[in-house]
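For reference, the structure is listed below as structure tokens.
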Amino acid sequence: MSAATDHIIVQSSRTSRAASIVALLLLATLLAAPWWAGRADLRLFGEIYLYVALACLWNFLAGYAGLVSVGQQAFVGFGGYCLFALAIFLGVHPMAAVPLIFILGTLISIPVAVLIFRLRGAYFAIGTWVIAEVFRLSAAQISALGGGSGTSLPVDIVRAIASSRSGREHAAYWAALAVAILVIASVYLFLRSRQGLALQAIRDNETAAQAMGIDIWRTKFFVYIVTAGLTSAVGALIFLQKLRISPDAAFSVNDWTAFVIFIVVIGGIGTIEGPIIGTIVFFLLRETLADLGSVYLLILGFVAIVVMLRAPSGLWGFVKSRTGIELFPTTRRVEPRRN
Amino acid sequence: MSIVLKLQDVSKAFGAITVSDELSYELQSGEALGVIGPNGAGKTSMFNLITGALTPDSGSIWFNGTDITGMSAAKRCRSGIARSFQIPQPFGAMTVFENALVAATHGAGLTKSEANEQCLSALEQTGLLPKANILAGNLTLLERKRLELTRALCAKPKLLLLDEIAGGLTEKECHSLVDTIKDIRSTGISIIWIEHIVHALLAVVDRLVVIDFGRKIAEGEPKAIMDSKQVKEIYMGIEVDV
Ligand SMILES: Nc1ncnc2c1ncn2[C@@H]1O[C@H](COP(=O)(O)OP(=O)(O)O)[C@@H](O)[C@H]1O
Ligand SMILES: [Mg+2]
């Protein structure tokens with residue numbers, strides 16, 4: 001018998017099959033949250049989902065494609081401003097605007113990518129930040145959206161989402177949950193595909209990837225623009241939840257990049273599970289320590305340093321290297337064929 | 001017989017170091033060519049030029065009648081040139097099987113089931129099948145070299161470039177490597193093999209090219225080349241084991 005007929009290739013494990021059952025139960029519970037959670041909790045959960053989405057996307061960009069951006073706030077803010085512009089100027093329903101904003105974010109990131117892909121390493125990172133500043137300054141010029149001080153979503157547009165306040169809150173909650181699931185599923189399915197195989201090869205060794213027939217520029221370009229589109233859609237939902245936008249809030253490097261990098265680094269960069277674990281840790285810290293004011297930021301920094309020293313591949317990397325567990329299995333394993 | 005590869009006056013320098021000096025030769029389809037020369041002569045650089053990891057300062061490179069001098073490395077691989085790296089370059093956080101799969105999927109452009117089949121049989125051929133699920137970063141140096149060969153095979157090349165893959169092997173392992181390369185050759189793949197282990201090389205190749213300071217200083221029938229005065233001078237002090 002030959003090797004080919006004696007073996008099969010599997011891309012899942014018993015743990016991952018068990019995990020997917022748990023995940024479905026969890027998902028059902030979360031979908032029903034408007035019936036069991038309070039108003040404040042619902043809002044907090046919505047925020048957590050949007051951070052999970054942002055962290056997964058940044059991890060996809062930096063942890064897999066090696067594109068260390070410190071300017072993703074450009075797309076968060078772009079998405080937020082597009083939501084307000086589409087709703088106020090063109091009368092687009094805010095929920096219908098979200099998929100549209102995915103497309104707009106993808107399109108605007110194309111010239112940005114062509115420009116900053118000429119830069120390497122630290123220069124690339126600085127380039128992304130400069131682009132984000134250009135976006136912020138441009139948004140501040142739009143006087144119809146309040147210029148530098150920003151604007152609120154007009155009442156009639158807010159009412160169009162749902163007539164009651166709780167209806168609006170539920171819609172925002174489900175939209176946030178949906179986008180988080182969409183982002184995780186997209187990243188997961190991409191990594192399991194042949195393009196995902198190419199991306200992991202690029203992450204490990206660009207010289208060899210190129211020699212094995214992988215077009216590095218094209219793969220990274222695709223990751224960059226899709227990430228930008230999805231980040232813009234998340235940005236739209238963030239400001240749909242807030243109902244108010246200003247250049248400083250929309251293009252905040254702290255809120256949309258620094259915290260996100262913290263989340264990915266402590267959770268585990270280059271894994272799908274890491275950003276989810278990291279977000280949970282981040283919100284646990286924030287909810288228990290936020291009253292401490294600036295001491296809270298010191299503690300965040302301290303946690304980041306301890307994790308980086310003790311578990312450089314993050315909390316999930318630490319677990320994975322000891323147990324080999326993958327909740328989102330992408331590894332292809334060769335197993336003997338059993339009849 | 002047709003010409004698979006042609007180098008025409010290919011030159012490349014890094015500052016004062018000339019790694020390729022008006023290098024020209026041709027490789028016939030199905031031929032196995034051996035390349036020898038002292039360390040630092042520019043042998044690996046020649047592979048870098050053929051595969052597109054380096055671009056020449058002047059001269060041109062032709063593959064199956066097409067000028068590929070300006071073609072990207074990825075496209076050259078997809079059109080049928082695959083290499084092993086002298087210093088292994090594994091995808092360290094991927095398994096041995098996945099390393100091979102990258103080449104079969106992206107280099108050879110195979111469909112999922114074809115690619116799986118190609119990888120399993122190549123891993124069996126090179127003896128790495130028992131290590132298929134191990135992360136490539138955890139392999140020993142010798143296993144990494146075998147992975148280099150496996151991966152290059154999975155790209156289904158028309159032209160296979162091997163860079164010092166026999167170093168460090170025992171006599172028995174060396175024999176089985178020679179048999180493997182003969183098998184590969186018998187499927188019609190053209191081969192260029194850079195190797196210091198001369199007896200292994202001579203068991204396979206039809207012709208030898210000798211390179212020193214980026215220049216081709218001799219070319220011809222292996223036995224005659226090894227007996228020539230020029231080669232003996234270069235290898236003075238190195239035990240040539242024919
Ligand atoms: N990218 C590079 N930049 C500068 N010098 C290089 C580079 N690559 C190779 N060299 C130099 O070119 C010479 C030839 O190297 P190489 O082609 O690896 O030789 P060989 O494979 O024959 O031992 C060496 O002196 C090496 O240091
Ligand atoms: Mg060399």
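If you're wondering about the labels, chains in the structure tokens are A, B, ... by order shown, residues count from 1 in each chain, ligands from 1 in order shown.
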
Problem - Protein and nucleic acid residues within 7 Å of ligand 1 (only C-alpha atoms and all ligand atoms) as number ranges by chain - result: B: 14, 17, 19, 37-46

Practice task
May I have all residues of segment 166-219 of chain B that DSSP, computed from the backbone, assigns to strand (DSSP E), given as a VMD selection string?
Solution key: chain B and resid 190 to 194 207 to 212 215 to 219

Exercise for the section: Select from segment 29-204 of chain B everything DSSP, run on the backbone, classes as alpha helix (DSSP H), then give the selection as a ChimeraX atom specification. Expected result: /B:43-51,73-78,96-102,112-125,141-154,171-186,198-202

Output as a Markdown table one row per residue of segment 51-115 of chain B within 10 Å of segment 188-191 of chain B: the closest atom pair and its distance in Å to one decimal place, counting only C-alpha atoms, sorted by chain and residue number ascending.
```
| residue | atom | partner | partner_atom | distance |
| --- | --- | --- | --- | --- |
| B:Gly80 | CA | B:Ile189 | CA | 9.9 |
| B:Ile81 | CA | B:Ser190 | CA | 9.7 |
| B:Ala82 | CA | B:Ile191 | CA | 9.9 |
| B:Arg83 | CA | B:Ile191 | CA | 9.9 |
```

Exercise for the section: Name all residues at most 10 Å from Gly70 of chain B (count only C-alpha atoms; drop same-chain ones fewer than 5 positions away) and give them as an MDAnalysis selection string. Expected result: chainID B and resid 52 55:56 60:61 76

Just to be explicit: take each residue in the selection above, keep all heavy atoms, and write the result as a PDB file, in the first residue's frame.
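selection37.pdb, freshly written:
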```
ATOM      1  N   GLY B  52      15.577  33.798  -8.598  1.00  0.00           N
ATOM      2  CA  GLY B  52      14.996  35.130  -8.476  1.00  0.00           C
ATOM      3  C   GLY B  52      15.111  35.747  -7.099  1.00  0.00           C
ATOM      4  O   GLY B  52      14.563  36.816  -6.848  1.00  0.00           O
ATOM      5  N   THR B  55      18.702  39.567  -8.299  1.00  0.00           N
ATOM      6  CA  THR B  55      18.635  39.912  -9.721  1.00  0.00           C
ATOM      7  C   THR B  55      20.038  40.252 -10.198  1.00  0.00           C
ATOM      8  O   THR B  55      20.797  40.915  -9.495  1.00  0.00           O
ATOM      9  CB  THR B  55      17.725  41.129  -9.987  1.00  0.00           C
ATOM     10  OG1 THR B  55      17.748  41.961  -8.831  1.00  0.00           O
ATOM     11  CG2 THR B  55      16.321  40.712 -10.296  1.00  0.00           C
ATOM     12  N   PRO B  56      20.399  39.785 -11.404  1.00  0.00           N
ATOM     13  CA  PRO B  56      21.752  40.026 -11.888  1.00  0.00           C
ATOM     14  C   PRO B  56      21.977  41.504 -12.227  1.00  0.00           C
ATOM     15  O   PRO B  56      21.026  42.223 -12.540  1.00  0.00           O
ATOM     16  CB  PRO B  56      21.841  39.152 -13.148  1.00  0.00           C
ATOM     17  CG  PRO B  56      20.448  38.849 -13.544  1.00  0.00           C
ATOM     18  CD  PRO B  56      19.597  38.962 -12.327  1.00  0.00           C
ATOM     19  N   SER B  60      21.513  37.544 -18.810  1.00  0.00           N
ATOM     20  CA  SER B  60      20.124  37.085 -18.798  1.00  0.00           C
ATOM     21  C   SER B  60      20.026  35.596 -18.480  1.00  0.00           C
ATOM     22  O   SER B  60      20.984  34.849 -18.650  1.00  0.00           O
ATOM     23  CB  SER B  60      19.456  37.390 -20.139  1.00  0.00           C
ATOM     24  OG  SER B  60      20.161  36.743 -21.171  1.00  0.00           O
ATOM     25  N   ILE B  61      18.852  35.206 -17.976  1.00  0.00           N
ATOM     26  CA  ILE B  61      18.591  33.820 -17.588  1.00  0.00           C
ATOM     27  C   ILE B  61      17.345  33.359 -18.338  1.00  0.00           C
ATOM     28  O   ILE B  61      16.320  34.062 -18.336  1.00  0.00           O
ATOM     29  CB  ILE B  61      18.393  33.722 -16.060  1.00  0.00           C
ATOM     30  CG1 ILE B  61      19.652  34.235 -15.341  1.00  0.00           C
ATOM     31  CG2 ILE B  61      18.080  32.292 -15.643  1.00  0.00           C
ATOM     32  CD1 ILE B  61      19.492  34.397 -13.859  1.00  0.00           C
ATOM     33  N   ARG B  76       8.676  32.179 -10.781  1.00  0.00           N
ATOM     34  CA  ARG B  76       9.648  31.200 -11.282  1.00  0.00           C
ATOM     35  C   ARG B  76       9.363  29.835 -10.694  1.00  0.00           C
ATOM     36  O   ARG B  76       9.444  28.827 -11.371  1.00  0.00           O
ATOM     37  CB  ARG B  76      11.074  31.633 -10.921  1.00  0.00           C
ATOM     38  CG  ARG B  76      11.530  32.844 -11.705  1.00  0.00           C
ATOM     39  CD  ARG B  76      12.990  33.125 -11.440  1.00  0.00           C
ATOM     40  NE  ARG B  76      13.243  34.551 -11.635  1.00  0.00           N
ATOM     41  CZ  ARG B  76      14.427  35.069 -11.871  1.00  0.00           C
ATOM     42  NH1 ARG B  76      15.500  34.298 -11.935  1.00  0.00           N
ATOM     43  NH2 ARG B  76      14.574  36.366 -12.042  1.00  0.00           N
TER      44      ARG B  76
END
```

Problem - Coordinates-based distance that separates atom CA of Leu177 of chain B from atom CA of Glu148 of chain B (Å, one decimal) - result: 12.9 Å

Exercise for the section: Show which residues sit within 8 Å of Ala152 of chain B, as a ChimeraX atom specification. Count only C-alpha atoms, and ignore same-chain residues fewer than 5 positions away. Expected result: /A:212 /B:82-84,103,157,160

Problem - Spatial neighbours of segment 122-131 of chain A, max dist 9 Å, only C-alpha atoms, sep filter under 5 positions, as a list in words - result: Leu67, Val68, Ser69, Val70, Gly71, Gln72, Gln73, Ala74, Val112, Leu115, Ile116, Phe117, Arg136 and Val253 of chain A

Please dump the current selection as an mmCIF file, in the first residue's frame; keep N, CA and C atoms.
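The resulting file, result36.cif, is shown below:
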```cif
data_model
loop_
_atom_site.group_PDB
_atom_site.id
_atom_site.type_symbol
_atom_site.label_atom_id
_atom_site.label_comp_id
_atom_site.auth_asym_id
_atom_site.auth_seq_id
_atom_site.Cartn_x
_atom_site.Cartn_y
_atom_site.Cartn_z
ATOM 1 N N LEU A 67 2.168 42.721 9.507
ATOM 2 C CA LEU A 67 1.967 44.149 9.228
ATOM 3 C C LEU A 67 1.627 44.848 10.540
ATOM 4 N N VAL A 68 2.656 45.305 11.259
ATOM 5 C CA VAL A 68 2.447 45.899 12.575
ATOM 6 C C VAL A 68 1.978 47.345 12.405
ATOM 7 N N SER A 69 0.666 47.497 12.428
ATOM 8 C CA SER A 69 0.064 48.815 12.246
ATOM 9 C C SER A 69 -0.229 49.437 13.604
ATOM 10 N N VAL A 70 0.077 50.721 13.753
ATOM 11 C CA VAL A 70 -0.387 51.446 14.949
ATOM 12 C C VAL A 70 -1.388 52.504 14.508
ATOM 13 N N GLY A 71 -1.992 52.269 13.333
ATOM 14 C CA GLY A 71 -2.906 53.270 12.791
ATOM 15 C C GLY A 71 -4.267 52.719 12.427
ATOM 16 N N GLN A 72 -4.687 51.615 13.078
ATOM 17 C CA GLN A 72 -5.993 51.057 12.712
ATOM 18 C C GLN A 72 -7.145 51.984 13.116
ATOM 19 N N GLN A 73 -6.847 52.952 14.024
ATOM 20 C CA GLN A 73 -7.883 53.937 14.368
ATOM 21 C C GLN A 73 -8.314 54.722 13.130
ATOM 22 N N ALA A 74 -7.469 54.737 12.099
ATOM 23 C CA ALA A 74 -7.863 55.408 10.855
ATOM 24 C C ALA A 74 -9.166 54.806 10.342
ATOM 25 N N VAL A 112 -4.129 53.546 0.319
ATOM 26 C CA VAL A 112 -3.312 53.612 1.538
ATOM 27 C C VAL A 112 -2.274 52.488 1.516
ATOM 28 N N LEU A 115 0.557 52.964 -0.873
ATOM 29 C CA LEU A 115 1.506 53.945 -0.337
ATOM 30 C C LEU A 115 2.396 53.356 0.766
ATOM 31 N N ILE A 116 1.779 52.797 1.805
ATOM 32 C CA ILE A 116 2.591 52.404 2.970
ATOM 33 C C ILE A 116 3.290 51.063 2.800
ATOM 34 N N PHE A 117 2.896 50.265 1.804
ATOM 35 C CA PHE A 117 3.595 48.992 1.585
ATOM 36 C C PHE A 117 5.013 49.207 1.064
ATOM 37 N N ARG A 136 -7.791 61.902 10.670
ATOM 38 C CA ARG A 136 -8.400 62.662 11.769
ATOM 39 C C ARG A 136 -8.525 64.147 11.377
ATOM 40 N N VAL A 253 -5.887 56.957 19.183
ATOM 41 C CA VAL A 253 -4.863 55.908 19.112
ATOM 42 C C VAL A 253 -4.892 55.047 20.380
#
```

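For the atom pair formed by atom CA of Asp41 of chain A and atom CA of Thr231 of chain A, the distance is 23.8 Å, given to one decimal.
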
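Taking only C-alpha atoms into account, Arg333 of chain A lies nearest to B:Leu135 out of the set B:Asp206, B:Glu173, B:Leu135, B:Asp163.
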